[in-house]
Structure formats: C-alpha cells, structure tokens
Amino acid sequence: MKRKHILSDGKKTIMWNGAECTHKALCLKGILEDMDIKENTIHSITSAQAGYLLHRIEICPSGALGNAESTE
C-alpha cells in the first residue's frame with residue numbers, strides 16, 4: 001500500500017507521496033527502512049538525510065518528493 005509520508009529534521013519538512021512515485025522509493029531507501037510507517041505520520045530524520053532529500057527533490061522525475069508546508 002502506497003502512502004504519504006512526512007519527514008522532518010525539526011527545521012525542514014519534506015513530503016513523499018508513494019502513489020506518485022515511479023521509481024519504487026529509491027530516494028528513501030535506508031531512510032524509512034527501520035521506521036514504523038503509517039499514513040501521514042511525521043518521521044524524524046537527521047539533518048544530513050534532509051539535505052540529501054532536498055537535493056533529490058530537485059531531480060525527482062515524478063514529483064513525488066517535495067517540500068511540505070508547516071505540518072503543525
């Protein structure tokens with residue numbers, strides 16, 4: 001089941017929409033592996049992971065990965 005995930009390092013918030021992803025979530029490999037994945041759950045990530053994902057947003061061909069508005 002493909003879901004939306006909100007990832008945040010406390011400074012930056014990134015959203016990944018699995019329903020739009022065309023590359024089998026390769027950008028998230030190793031980031032969400034060990035987490036309890038639930039729909040619309042905020043997952044804590046490190047600043048390094050956030051930096052990596054911000055770069056991936058720029059080159060994401062499907063648009064599944066993007067900046068999220070404030071989630072609070």
# chains A, B, ... in the order shown; residues from 1 in each chain; ligands from 1
>>> residues_around(residues="Cys60 in chain A", least_positions_apart="3", cutoff="12 Å", atoms="only C-alpha atoms", output="PyMOL selection string")
chain A and resi 16-17+20-28+53-57+63-67
>>> residues_around(residues="Asp9 in chain A", least_positions_apart="3", cutoff="10 Å", atoms="only C-alpha atoms", output="PyMOL selection string")
chain A and resi 12-14+42-51
